file protein.tsv (TSV, C-alpha atoms and all ligand atoms)
chain	number	residue	atom	x	y	z
A	1	MET	CA	-9.64	-29.76	-17.68
A	2	ASP	CA	-11.90	-29.55	-14.69
A	3	ARG	CA	-10.93	-29.21	-11.07
A	4	THR	CA	-11.69	-32.84	-10.19
A	5	VAL	CA	-8.15	-33.48	-11.42
A	6	TYR	CA	-6.94	-31.67	-8.30
A	7	SER	CA	-7.90	-34.61	-6.09
A	8	GLY	CA	-4.83	-36.40	-7.53
A	9	ALA	CA	-2.43	-33.66	-6.36
A	10	GLU	CA	0.18	-34.67	-3.80
A	11	GLY	CA	1.20	-31.13	-2.89
A	12	PHE	CA	2.13	-27.75	-4.31
A	13	VAL	CA	5.06	-25.51	-5.19
A	14	VAL	CA	5.08	-21.84	-4.19
A	15	ASN	CA	7.17	-18.90	-5.43
A	16	TYR	CA	7.79	-15.85	-3.27
A	17	LYS	CA	10.42	-13.30	-2.33
A	18	THR	CA	12.89	-14.71	0.20
A	19	LEU	CA	12.56	-11.64	2.42
A	20	TRP	CA	8.91	-12.54	3.05
A	21	GLU	CA	9.36	-16.32	3.37
A	22	PRO	CA	8.47	-16.56	7.09
A	23	LEU	CA	5.31	-14.53	6.54
A	24	LEU	CA	4.21	-16.63	3.58
A	25	PHE	CA	4.91	-19.87	5.46
A	26	ASN	CA	2.79	-18.56	8.35
A	27	GLU	CA	-0.04	-17.74	5.96
A	28	LEU	CA	0.14	-21.22	4.42
A	29	GLN	CA	0.31	-23.03	7.77
A	30	GLY	CA	-2.50	-20.90	9.20
A	31	ARG	CA	-4.94	-21.25	6.33
A	32	LEU	CA	-4.30	-24.72	4.88
A	33	LYS	CA	-4.69	-28.02	6.66
A	34	GLY	CA	-1.22	-29.36	7.50
A	35	PRO	CA	1.06	-28.61	4.52
A	36	LYS	CA	4.48	-30.19	5.12
A	37	LEU	CA	7.62	-28.48	3.86
A	38	LEU	CA	9.61	-30.83	1.60
A	39	GLU	CA	12.25	-28.78	-0.12
A	40	ARG	CA	13.38	-25.20	-0.53
A	41	GLY	CA	15.02	-23.56	-3.54
A	42	ASN	CA	15.69	-20.05	-4.79
A	43	ASP	CA	12.55	-18.05	-3.91
A	44	ALA	CA	10.52	-21.27	-3.97
A	45	ALA	CA	9.43	-24.16	-1.77
A	46	ALA	CA	7.60	-27.46	-2.24
A	47	PHE	CA	4.99	-28.65	0.26
A	48	SER	CA	3.20	-31.97	0.46
A	49	LEU	CA	-0.58	-31.82	0.97
A	50	SER	CA	-3.09	-34.20	-0.45
A	51	GLY	CA	-5.49	-32.62	-2.98
A	52	PHE	CA	-5.44	-29.08	-4.40
A	53	GLU	CA	-9.19	-28.25	-4.42
A	54	ALA	CA	-9.16	-26.67	-0.95
A	55	VAL	CA	-6.00	-24.70	-1.77
A	56	ALA	CA	-7.54	-23.30	-4.97
A	57	GLU	CA	-10.70	-22.36	-3.07
A	58	GLU	CA	-8.72	-20.62	-0.36
A	59	ILE	CA	-6.70	-18.64	-2.93
A	60	HIS	CA	-9.92	-17.28	-4.44
A	61	ARG	CA	-11.53	-16.62	-1.04
A	62	GLU	CA	-8.76	-14.28	0.10
A	63	ASP	CA	-5.34	-13.42	-1.32
A	64	PHE	CA	-2.23	-14.86	0.25
A	65	VAL	CA	-0.42	-11.53	0.62
A	66	PHE	CA	3.11	-12.87	0.07
A	67	LEU	CA	2.44	-15.50	-2.59
A	68	GLN	CA	3.71	-14.75	-6.10
A	69	HIS	CA	2.76	-18.04	-7.77
A	70	ILE	CA	1.57	-21.53	-6.93
A	71	HIS	CA	1.07	-24.78	-8.80
A	72	PRO	CA	-0.05	-28.21	-7.70
A	73	TYR	CA	2.05	-31.24	-8.44
A	74	MET	CA	0.71	-34.70	-9.19
A	75	PHE	CA	4.13	-36.32	-9.66
A	76	MET	CA	7.61	-35.85	-8.27
A	77	GLY	CA	10.85	-37.43	-9.43
A	78	GLU	CA	14.36	-37.57	-8.03
A	79	ILE	CA	16.84	-35.83	-10.32
A	80	LYS	CA	20.58	-35.62	-10.96
A	81	GLY	CA	20.66	-32.21	-12.64
A	82	GLU	CA	21.93	-33.75	-15.90
A	83	ALA	CA	20.47	-34.52	-19.32
A	84	SER	CA	19.58	-37.99	-18.02
A	85	ASP	CA	16.73	-36.27	-16.09
A	86	PHE	CA	14.75	-35.63	-19.30
A	87	PRO	CA	13.19	-39.11	-19.50
A	88	ILE	CA	12.01	-38.62	-15.89
A	89	PHE	CA	10.32	-35.34	-16.83
A	90	LEU	CA	8.75	-36.82	-19.96
A	91	ASN	CA	7.52	-39.82	-18.04
A	92	MET	CA	5.78	-37.56	-15.50
A	93	LEU	CA	4.41	-35.40	-18.32
A	94	GLU	CA	2.97	-38.41	-20.13
A	95	LYS	CA	1.01	-39.34	-17.01
A	96	VAL	CA	-0.21	-35.81	-16.31
A	97	ALA	CA	-1.19	-35.26	-19.96
A	98	GLY	CA	-3.88	-37.87	-19.42
A	99	TYR	CA	-5.70	-35.31	-17.23
A	100	VAL	CA	-5.76	-32.69	-20.00
A	101	ASP	CA	-8.52	-32.55	-22.64
A	102	LYS	CA	-7.52	-32.20	-26.27
A	103	GLU	CA	-9.88	-29.19	-26.32
A	104	ASP	CA	-7.85	-27.37	-23.64
A	105	VAL	CA	-5.22	-24.85	-24.68
A	106	VAL	CA	-2.06	-25.66	-22.78
A	107	VAL	CA	1.17	-23.90	-21.90
A	108	CYS	CA	4.26	-25.46	-20.30
A	109	GLN	CA	5.93	-23.40	-17.62
A	110	CYS	CA	9.27	-24.76	-16.42
A	111	ARG	CA	11.40	-23.25	-13.70
A	112	ILE	CA	14.68	-24.31	-12.20
A	113	VAL	CA	14.91	-23.12	-8.59
A	114	ALA	CA	17.86	-25.34	-7.59
A	115	LYS	CA	20.62	-23.65	-5.63
A	116	ARG	CA	23.29	-25.57	-7.60
A	117	MET	CA	24.02	-25.32	-11.34
A	118	LEU	CA	22.17	-27.86	-13.47
A	119	SER	CA	23.24	-28.88	-16.96
A	120	TYR	CA	20.00	-27.67	-18.60
A	121	THR	CA	18.04	-24.42	-18.72
A	122	ASN	CA	14.42	-23.30	-18.26
A	123	GLY	CA	14.20	-22.74	-22.01
A	124	GLU	CA	15.43	-26.24	-22.88
A	125	LEU	CA	12.96	-27.81	-20.47
A	126	THR	CA	10.07	-25.75	-21.84
A	127	SER	CA	10.92	-26.63	-25.47
A	128	GLU	CA	11.23	-30.32	-24.70
A	129	LEU	CA	7.93	-30.53	-22.80
A	130	SER	CA	6.03	-28.36	-25.30
A	131	ALA	CA	7.33	-30.46	-28.22
A	132	PHE	CA	6.08	-33.61	-26.50
A	133	LEU	CA	2.58	-32.15	-26.07
A	134	GLU	CA	2.50	-30.97	-29.67
A	135	ARG	CA	3.51	-34.44	-30.90
A	136	GLU	CA	0.61	-35.82	-28.86
A	137	GLU	CA	-1.68	-33.31	-30.63
A	138	TYR	CA	-2.45	-31.07	-27.67
A	139	LYS	CA	-3.10	-27.40	-28.45
A	140	VAL	CA	-0.10	-25.50	-27.09
A	141	SER	CA	-0.21	-21.69	-26.95
A	142	ALA	CA	1.30	-19.41	-24.30
A	143	GLN	CA	-1.06	-16.53	-25.14
A	144	LYS	CA	-4.36	-18.40	-25.17
A	145	ALA	CA	-3.70	-21.07	-22.55
A	146	ASP	CA	-6.39	-21.90	-20.01
A	147	THR	CA	-4.46	-24.90	-18.68
A	148	VAL	CA	-0.90	-24.86	-17.36
A	149	VAL	CA	1.52	-27.75	-17.11
A	150	SER	CA	4.10	-26.66	-14.53
A	151	LEU	CA	7.47	-28.21	-13.81
A	152	THR	CA	9.63	-26.88	-10.99
A	153	VAL	CA	13.10	-28.33	-10.53
A	154	PHE	CA	14.73	-28.15	-7.09
A	155	ASP	CA	18.10	-29.58	-6.05
A	156	ARG	CA	16.83	-33.07	-5.24
A	157	PHE	CA	13.42	-33.44	-6.82
A	158	ALA	CA	11.36	-32.09	-9.68
A	159	TYR	CA	7.61	-31.54	-9.26
A	160	LEU	CA	5.15	-31.64	-12.14
A	161	GLY	CA	1.46	-30.81	-12.18
A	162	VAL	CA	-1.41	-29.39	-14.16
A	163	SER	CA	-3.82	-26.64	-13.20
A	164	ARG	CA	-6.25	-24.09	-14.53
A	165	ALA	CA	-4.39	-20.84	-15.24
A	166	GLU	CA	-6.60	-18.81	-12.89
A	167	ASP	CA	-5.66	-21.03	-9.93
A	168	ASN	CA	-1.93	-20.23	-10.18
A	169	VAL	CA	-2.20	-16.67	-8.73
A	170	SER	CA	-0.07	-15.40	-11.63
A	171	ARG	CA	-0.14	-16.38	-15.29
A	172	ARG	CA	3.64	-15.93	-15.50
A	173	ALA	CA	5.98	-18.82	-14.65
A	174	GLY	CA	7.01	-18.35	-11.02
A	175	GLY	CA	5.08	-15.04	-10.96
A	176	VAL	CA	8.11	-13.31	-12.49
A	177	LEU	CA	7.20	-10.26	-14.59
A	178	PHE	CA	9.17	-8.60	-17.36
A	179	TYR	CA	7.46	-5.31	-18.11
A	180	SER	CA	9.47	-3.36	-20.66
A	181	GLU	CA	10.41	0.26	-20.17
A	182	SER	CA	8.89	2.66	-22.67
A	183	GLU	CA	10.81	5.70	-23.90
A	184	ASP	CA	8.35	8.17	-22.40
A	185	MET	CA	8.26	6.47	-19.00
A	186	ILE	CA	8.63	8.91	-16.08
A	187	CYS	CA	9.75	6.45	-13.39
A	188	ARG	CA	9.66	2.76	-12.52
A	189	ALA	CA	6.67	3.33	-10.23
A	190	GLU	CA	4.64	2.93	-13.44
A	191	PHE	CA	5.32	-0.80	-13.33
A	192	LYS	CA	3.75	-0.94	-9.89
A	193	ILE	CA	0.43	0.55	-11.01
A	194	GLU	CA	0.45	-1.47	-14.24
A	195	GLU	CA	0.84	-4.66	-12.22
A	196	ALA	CA	-1.87	-3.56	-9.77
A	197	PHE	CA	-4.31	-3.00	-12.67
A	198	GLU	CA	-3.54	-6.51	-13.92
A	199	VAL	CA	-3.64	-8.28	-10.54
A	200	PHE	CA	-6.80	-6.60	-9.25
A	201	GLY	CA	-8.52	-6.61	-12.65
A	202	ILE	CA	-9.19	-2.84	-12.81
A	203	GLN	CA	-11.10	-2.08	-16.00
A	204	VAL	CA	-10.74	1.19	-17.89
A	205	LYS	CA	-14.08	2.74	-18.87
A	206	GLU	CA	-15.04	5.56	-21.21
A	207	GLY	CA	-14.86	8.96	-19.47
A	208	MET	CA	-13.10	7.56	-16.41
A	209	LYS	CA	-11.78	10.03	-13.80
A	210	ALA	CA	-9.01	9.40	-11.27
A	211	LEU	CA	-7.56	11.19	-8.28
A	212	ASP	CA	-3.84	10.58	-7.73
A	213	LEU	CA	-2.69	11.40	-4.17
A	214	GLY	CA	1.07	11.78	-3.79
A	215	ALA	CA	1.46	11.99	-7.57
A	216	ALA	CA	4.97	13.44	-8.04
A	217	PRO	CA	7.07	12.97	-10.09
A	218	GLY	CA	4.13	11.54	-12.03
A	219	GLY	CA	4.64	7.87	-12.96
A	220	TRP	CA	1.16	6.77	-11.89
A	221	THR	CA	-0.48	9.87	-13.41
A	222	HIS	CA	1.36	9.14	-16.65
A	223	TYR	CA	0.16	5.52	-16.69
A	224	LEU	CA	-3.45	6.55	-16.01
A	225	ASN	CA	-3.37	9.34	-18.57
A	226	LYS	CA	-2.01	6.97	-21.23
A	227	LYS	CA	-5.01	4.73	-20.58
A	228	GLY	CA	-7.30	7.66	-21.47
A	229	ILE	CA	-8.23	8.45	-17.86
A	230	ARG	CA	-8.61	12.08	-16.74
A	231	VAL	CA	-6.38	12.65	-13.71
A	232	ASP	CA	-6.39	15.15	-10.86
A	233	ALA	CA	-2.86	14.84	-9.50
A	234	VAL	CA	-2.23	16.08	-5.96
A	235	ASP	CA	1.26	16.65	-4.59
A	236	PRO	CA	3.16	19.64	-3.17
A	237	ALA	CA	6.18	18.47	-5.22
A	238	ALA	CA	6.65	19.14	-8.93
A	239	LEU	CA	5.21	16.91	-11.65
A	240	ASP	CA	7.28	15.97	-14.68
A	241	ASP	CA	6.99	18.69	-17.35
A	242	ALA	CA	5.64	16.25	-19.94
A	243	LEU	CA	2.51	15.80	-17.81
A	244	LEU	CA	1.79	19.50	-17.44
A	245	GLU	CA	1.18	19.69	-21.20
A	246	GLN	CA	-1.51	17.01	-21.06
A	247	PRO	CA	-5.06	18.44	-21.30
A	248	ASN	CA	-6.48	15.61	-19.20
A	249	VAL	CA	-4.09	16.13	-16.27
A	250	ARG	CA	-4.61	18.82	-13.62
A	251	HIS	CA	-1.93	19.33	-11.01
A	252	TYR	CA	-3.03	20.51	-7.57
A	253	ARG	CA	0.26	21.59	-6.05
A	254	MET	CA	-0.71	21.06	-2.41
A	255	THR	CA	-1.04	18.33	0.20
A	256	ALA	CA	-3.91	15.87	0.10
A	257	GLN	CA	-5.23	17.42	3.33
A	258	GLU	CA	-5.36	20.87	1.68
A	259	PHE	CA	-6.98	19.39	-1.40
A	260	ALA	CA	-9.70	17.82	0.77
A	261	ARG	CA	-10.53	21.30	2.14
A	262	ILE	CA	-10.71	23.16	-1.19
A	263	HIS	CA	-12.23	20.38	-3.27
A	264	GLY	CA	-15.56	20.98	-5.00
A	265	GLU	CA	-18.12	18.58	-6.43
A	266	ASP	CA	-16.00	16.32	-8.67
A	267	THR	CA	-16.26	12.61	-8.08
A	268	TYR	CA	-13.87	9.86	-9.17
A	269	ASP	CA	-14.05	6.29	-10.44
A	270	LEU	CA	-10.58	5.59	-9.11
A	271	ILE	CA	-8.51	7.03	-6.25
A	272	VAL	CA	-4.86	6.04	-6.05
A	273	ASN	CA	-2.66	6.83	-3.09
A	274	ASP	CA	1.11	6.40	-3.20
A	275	MET	CA	1.81	9.04	-0.54
A	276	LYS	CA	4.92	8.63	1.52
A	277	MET	CA	3.52	8.82	5.06
A	278	ASP	CA	2.48	6.90	8.15
A	279	THR	CA	0.00	4.12	7.33
A	280	ASN	CA	-2.73	5.24	9.72
A	281	GLN	CA	-2.62	8.77	8.41
A	282	SER	CA	-2.65	7.54	4.82
A	283	MET	CA	-5.68	5.32	5.54
A	284	ASP	CA	-7.48	8.21	7.27
A	285	ILE	CA	-6.95	10.41	4.22
A	286	LEU	CA	-8.16	7.65	1.90
A	287	CYS	CA	-11.31	7.12	4.01
A	288	GLU	CA	-11.93	10.88	4.06
A	289	MET	CA	-11.46	11.11	0.27
A	290	SER	CA	-13.73	8.16	-0.34
A	291	ARG	CA	-16.70	10.54	-0.12
A	292	LEU	CA	-15.57	11.60	-3.61
A	293	LEU	CA	-15.61	8.01	-4.86
A	294	GLU	CA	-18.36	6.86	-7.22
A	295	LYS	CA	-20.51	3.89	-6.19
A	296	ASN	CA	-18.55	0.83	-7.26
A	297	GLY	CA	-15.42	3.02	-7.45
A	298	GLU	CA	-12.02	1.52	-6.72
A	299	CYS	CA	-8.90	2.63	-4.82
A	300	LEU	CA	-5.27	1.58	-4.71
A	301	MET	CA	-2.99	2.39	-1.81
A	302	THR	CA	0.67	1.62	-1.21
A	303	LEU	CA	1.20	0.06	2.18
A	304	LYS	CA	4.66	0.48	3.66
A	305	LEU	CA	5.67	-2.74	5.44
A	306	PRO	CA	7.45	-2.18	8.76
A	307	LYS	CA	10.57	-4.12	9.80
A	308	GLU	CA	8.58	-5.76	12.59
A	309	GLY	CA	4.88	-6.38	13.14
A	310	VAL	CA	4.06	-6.78	9.43
A	311	GLN	CA	1.15	-9.17	9.97
A	312	LYS	CA	-0.32	-6.89	12.64
A	313	ARG	CA	-0.21	-3.94	10.26
A	314	ILE	CA	-1.90	-5.96	7.53
A	315	ASN	CA	-4.64	-7.02	9.95
A	316	VAL	CA	-5.26	-3.40	10.99
A	317	VAL	CA	-5.51	-2.26	7.37
A	318	ARG	CA	-7.93	-5.08	6.54
A	319	LYS	CA	-10.09	-4.18	9.53
A	320	VAL	CA	-10.13	-0.38	9.12
A	321	LEU	CA	-10.63	-0.37	5.35
A	322	GLY	CA	-12.97	-3.36	5.54
A	323	GLU	CA	-15.35	-1.35	7.73
A	324	ARG	CA	-15.41	1.53	5.26
A	325	PHE	CA	-15.29	-0.33	1.94
A	326	GLY	CA	-16.87	-3.56	0.74
A	327	THR	CA	-13.87	-5.36	-0.67
A	328	VAL	CA	-10.27	-5.20	0.59
A	329	ARG	CA	-7.45	-7.07	-1.11
A	330	ILE	CA	-3.76	-6.90	-0.18
A	331	ARG	CA	-0.86	-8.26	-2.23
A	332	GLN	CA	2.88	-7.87	-2.06
A	333	LEU	CA	3.32	-7.37	-5.78
A	334	TYR	CA	6.31	-8.39	-7.88
A	335	TYR	CA	7.22	-4.71	-8.42
A	336	ASN	CA	6.68	-3.77	-4.77
A	337	ARG	CA	9.81	-3.54	-2.63
A	338	SER	CA	9.35	-3.22	1.14
A	339	GLU	CA	5.69	-2.44	0.62
A	340	ALA	CA	2.45	-4.08	-0.45
A	341	THR	CA	-0.46	-2.80	-2.52
A	342	VAL	CA	-3.97	-2.50	-1.13
A	343	TYR	CA	-7.03	-2.57	-3.39
A	344	VAL	CA	-10.46	-1.55	-2.15
A	345	LYS	CA	-13.80	-1.36	-3.88
A	346	ASN	CA	-16.65	0.83	-2.74
A	347	LYS	CA	-19.86	-0.80	-1.53
A	348	LEU	CA	-22.61	-0.63	-4.15
B	401	LIG	C1	6.66	7.58	-3.68
B	401	LIG	S1	6.30	9.20	-4.15
B	401	LIG	C2	4.98	8.96	-5.28
B	401	LIG	C3	5.42	8.47	-6.63
B	401	LIG	C4	4.32	8.57	-7.65
B	401	LIG	N1	3.25	7.60	-7.42
B	401	LIG	C5	4.85	8.35	-9.05
B	401	LIG	O1	4.48	7.37	-9.70
B	401	LIG	O2	5.63	9.19	-9.51
B	401	LIG	C6	5.51	9.82	-2.73
B	401	LIG	C7	4.96	11.23	-2.88
B	401	LIG	O3	4.08	11.48	-1.79
B	401	LIG	C8	4.06	12.89	-1.64
B	401	LIG	N2	3.41	13.24	-0.37
B	401	LIG	C9	3.86	13.06	0.90
B	401	LIG	N3	2.96	13.57	1.77
B	401	LIG	C10	1.92	14.07	1.05
B	401	LIG	C11	0.69	14.71	1.38
B	401	LIG	N4	0.36	14.95	2.63
B	401	LIG	N5	-0.13	15.08	0.37
B	401	LIG	C12	0.21	14.83	-0.92
B	401	LIG	N6	1.35	14.23	-1.29
B	401	LIG	C13	2.20	13.86	-0.31
B	401	LIG	C14	5.53	13.28	-1.74
B	401	LIG	O4	5.67	14.65	-2.07
B	401	LIG	C15	6.01	12.33	-2.85
B	401	LIG	O5	6.06	13.01	-4.09
call {"tool": "encode", "arguments": {"input": "protein.tsv", "output": "structure tokens", "more": "lines below"}}
Ligand SMILES: C[S@@+](CC[C@H](N)C(=O)[O-])C[C@H]1O[C@@H](n2cnc3c(N)ncnc32)[C@H](O)[C@@H]1O
result
Amino acid sequence: MDRTVYSGAEGFVVNYKTLWEPLLFNELQGRLKGPKLLERGNDAAAFSLSGFEAVAEEIHREDFVFLQHIHPYMFMGEIKGEASDFPIFLNMLEKVAGYVDKEDVVVCQCRIVAKRMLSYTNGELTSELSAFLEREEYKVSAQKADTVVSLTVFDRFAYLGVSRAEDNVSRRAGGVLFYSESEDMICRAEFKIEEAFEVFGIQVKEGMKALDLGAAPGGWTHYLNKKGIRVDAVDPAALDDALLEQPNVRHYRMTAQEFARIHGEDTYDLIVNDMKMDTNQSMDILCEMSRLLEKNGECLMTLKLPKEGVQKRINVVRKVLGERFGTVRIRQLYYNRSEATVYVKNKL
């Protein structure tokens, strides 16, 4: 499926966290040409806007900080919330399937975001739509899919469209993640760094070295160490005992500022910073530490979002880090709470 199909889109559906809805809507209104809000559901909204090419381009140009998932829709149908809706869905699917090549590998992602109870489930919708595509001899595989047929069901209407997987922001339906807890996990912060690796495409290389600022109790260090990365962990607080036995983990029990003063010649491919402190101070420390970053090295930083002035803070971070580093990306990740994650990459 190529992107020319997007010219037939009538609008798009977005998923987000309700807390950040006003900020996402501002981002959408500010960066896209005249999207019109049609319907809102649980953590989701549908907008009308002709064509999806410009939206896909804009997504790849710069992240929408508060967007978890997006899909275009080519067809919408009024629904009742009962089994009698299925022919409506299949009718829309039949038309959209015409845009998909038999060579494409397709997945169906169905999500009910209605605020009322409907008489069917996400799973039933997905099975029904997938079975239809299989009968029509399309290749259907969730793991290998490059093309996504998305159906989102609101209270009044359902919206169905097709897109390339990389244009949906997340490969998971609605951007909802289900990372499973491992037995040796130190804390849930590990999910946050795992998601950041996935979202920002951080690649693990042979002999990789990382500096973890604000490392205690050690979730991020644990994640990095499990990936085979050597970690210098800096925090005045204690690290989990299990980490102290690891030959590739060194704990510097001191503040990041003290570490900067005593630090020798070591350089790092990755610097991560989850320190609990004022944003400006945290950015200053990251900029100072970046002298230890290899060319092409990458950094992650947790950005606390204030109760007011969130957009202003994001703009400041983009500006300050943008002057020091080549690339700056900011996303409010699924596993972030009242914070976002900043990714920067050193200039070559
Ligand atoms: C949210 S916790 C980090 C959690 C950690 N990423 C994990 O996965 O376990 C924040 C940490 O920042 C540390 N911190 C605060 N100020 C610091 C400083 N100036 N230098 C180093 N660490 C600092 C605190 O001691 C605390 O352990």
call {"tool": "closest_residue", "arguments": {"input": "protein.tsv", "among": "A:Leu305, A:Leu213, A:Ala233, A:Leu333", "to": "ligand LIG 401 (chain B)", "atoms": "only C-alpha atoms and all ligand atoms"}}
result
A:Leu213
call {"tool": "atom_distance", "arguments": {"input": "protein.tsv", "atom1": "CA of Arg171 (chain A)", "atom2": "CA of Arg3 (chain A)"}}
result
17.3 Å
call {"tool": "residues_around", "arguments": {"input": "protein.tsv", "residues": "region 93-101 of chain A", "least_positions_apart": "2", "cutoff": "9 Å", "atoms": "all atoms listed in the file", "output": "ChimeraX atom specification"}}
result
/A:1-2,5,74-75,88-91,103-106,129,132-133,138,147,149,160-162
call {"tool": "closest_residue", "arguments": {"input": "protein.tsv", "among": "A:Lys36, A:Lys276, A:His251, A:Arg164", "to": "ligand LIG 401 (chain B)", "atoms": "all atoms listed in the file"}}
result
A:Lys276
call {"tool": "residues_near_ligand", "arguments": {"input": "protein.tsv", "ligand": "ligand LIG 401 (chain B)", "cutoff": "7 Å", "atoms": "all atoms listed in the file", "output": "PyMOL selection string"}}
result
chain A and resi 187+189-190+213-221+234-237+254-257+274-277
call {"tool": "closest_atom_pairs", "arguments": {"input": "protein.tsv", "of": "region 30-135 of chain A", "to": "region 7-15 of chain A", "cutoff": "7 Å", "atoms": "all atoms listed in the file", "output": "tab-separated table"}}
result
residue	atom	partner	partner_atom	distance
A:Asp43	CA	A:Asn15	CA	5.7
A:Ala44	CA	A:Asn15	CA	4.4
A:Ala45	CA	A:Val14	CA	5.5
A:Ala46	CA	A:Val13	CA	4.4
A:Phe47	CA	A:Phe12	CA	5.5
A:Ser48	CA	A:Gly11	CA	4.0
A:Leu49	CA	A:Gly11	CA	4.3
A:Ser50	CA	A:Glu10	CA	4.7
A:Gly51	CA	A:Ser7	CA	4.4
A:Phe52	CA	A:Ala9	CA	5.8
A:Glu53	CA	A:Ser7	CA	6.7
A:Leu67	CA	A:Asn15	CA	6.5
A:Gln68	CA	A:Asn15	CA	5.4
A:His69	CA	A:Asn15	CA	5.1
A:Ile70	CA	A:Val14	CA	4.5
A:His71	CA	A:Val13	CA	5.4
A:Pro72	CA	A:Phe12	CA	4.1
A:Tyr73	CA	A:Phe12	CA	5.4
A:Met74	CA	A:Ala9	CA	4.4
call {"tool": "write_last_selection", "arguments": {"input": "protein.tsv", "atoms": "C-alpha atoms", "output": "JSON list (two decimals), in the coordinates of the input"}}
result
[["chain", "number", "residue", "atom", "x", "y", "z"],
["A", 43, "ASP", "CA", 12.55, -18.05, -3.91],
["A", 44, "ALA", "CA", 10.52, -21.27, -3.97],
["A", 45, "ALA", "CA", 9.43, -24.16, -1.77],
["A", 46, "ALA", "CA", 7.60, -27.46, -2.24],
["A", 47, "PHE", "CA", 4.99, -28.65, 0.26],
["A", 48, "SER", "CA", 3.20, -31.97, 0.46],
["A", 49, "LEU", "CA", -0.58, -31.82, 0.97],
["A", 50, "SER", "CA", -3.09, -34.20, -0.45],
["A", 51, "GLY", "CA", -5.49, -32.62, -2.98],
["A", 52, "PHE", "CA", -5.44, -29.08, -4.40],
["A", 53, "GLU", "CA", -9.19, -28.25, -4.42],
["A", 67, "LEU", "CA", 2.44, -15.50, -2.59],
["A", 68, "GLN", "CA", 3.71, -14.75, -6.10],
["A", 69, "HIS", "CA", 2.76, -18.04, -7.77],
["A", 70, "ILE", "CA", 1.57, -21.53, -6.93],
["A", 71, "HIS", "CA", 1.07, -24.78, -8.80],
["A", 72, "PRO", "CA", -0.05, -28.21, -7.70],
["A", 73, "TYR", "CA", 2.05, -31.24, -8.44],
["A", 74, "MET", "CA", 0.71, -34.70, -9.19]]
call {"tool": "closest_residue", "arguments": {"input": "protein.tsv", "among": "A:Val148, A:Val55, A:Val169, A:Leu303", "to": "Pro35 (chain A)", "atoms": "all atoms listed in the file"}}
result
A:Val55
call {"tool": "residues_around", "arguments": {"input": "protein.tsv", "residues": "Pro247 (chain A)", "least_positions_apart": "3", "cutoff": "12 Å", "atoms": "all atoms listed in the file", "output": "tab-separated table (two decimals) with C-alpha atoms, keeping the file's coordinate frame"}}
result
chain	number	residue	atom	x	y	z
A	225	ASN	CA	-3.37	9.34	-18.57
A	226	LYS	CA	-2.01	6.97	-21.23
A	228	GLY	CA	-7.30	7.66	-21.47
A	229	ILE	CA	-8.23	8.45	-17.86
A	230	ARG	CA	-8.61	12.08	-16.74
A	231	VAL	CA	-6.38	12.65	-13.71
A	232	ASP	CA	-6.39	15.15	-10.86
A	242	ALA	CA	5.64	16.25	-19.94
A	243	LEU	CA	2.51	15.80	-17.81
A	244	LEU	CA	1.79	19.50	-17.44
A	250	ARG	CA	-4.61	18.82	-13.62
A	251	HIS	CA	-1.93	19.33	-11.01
call {"tool": "atom_distance", "arguments": {"input": "protein.tsv", "atom1": "CA of Ser150 (chain A)", "atom2": "CA of Val65 (chain A)"}}
result
21.9 Å
call {"tool": "axis_aligned_box", "arguments": {"input": "protein.tsv", "around": "region 291-295 of chain A", "padding_each_side": "6 Å", "output": "JSON"}}
result
{"center_x": -18.0, "center_y": 7.7, "center_z": -3.7, "size_x": 16.9, "size_y": 19.7, "size_z": 19.1}
call {"tool": "closest_residue", "arguments": {"input": "protein.tsv", "among": "A:Met301, A:Leu270, A:Ala145, A:Leu151", "to": "Glu166 (chain A)", "atoms": "only C-alpha atoms"}}
result
A:Ala145
call {"tool": "decode", "arguments": {"input": "protein.tsv", "residues": "region 25-43 of chain A", "atoms": "C-alpha atoms", "output": "PDB file, in the first residue's frame"}}
result
ATOM      1  CA  PHE A  25      -5.830  19.529  20.725  1.00  0.00           C
ATOM      2  CA  ASN A  26      -3.686  22.695  20.719  1.00  0.00           C
ATOM      3  CA  GLU A  27      -0.860  20.824  19.012  1.00  0.00           C
ATOM      4  CA  LEU A  28      -3.251  19.452  16.369  1.00  0.00           C
ATOM      5  CA  GLN A  29      -4.945  22.811  15.733  1.00  0.00           C
ATOM      6  CA  GLY A  30      -1.604  24.621  15.612  1.00  0.00           C
ATOM      7  CA  ARG A  31       0.181  22.265  13.242  1.00  0.00           C
ATOM      8  CA  LEU A  32      -2.535  20.910  10.937  1.00  0.00           C
ATOM      9  CA  LYS A  33      -4.714  22.892   8.583  1.00  0.00           C
ATOM     10  CA  GLY A  34      -8.202  23.154  10.099  1.00  0.00           C
ATOM     11  CA  PRO A  35      -9.028  19.766  11.681  1.00  0.00           C
ATOM     12  CA  LYS A  36     -12.624  19.811  12.953  1.00  0.00           C
ATOM     13  CA  LEU A  37     -13.566  17.901  16.094  1.00  0.00           C
ATOM     14  CA  LEU A  38     -16.394  15.443  15.365  1.00  0.00           C
ATOM     15  CA  GLU A  39     -16.704  13.158  18.342  1.00  0.00           C
ATOM     16  CA  ARG A  40     -14.985  12.366  21.614  1.00  0.00           C
ATOM     17  CA  GLY A  41     -14.738   9.026  23.404  1.00  0.00           C
ATOM     18  CA  ASN A  42     -12.664   7.498  26.181  1.00  0.00           C
ATOM     19  CA  ASP A  43      -9.124   8.831  25.655  1.00  0.00           C
TER      20      ASP A  43
END
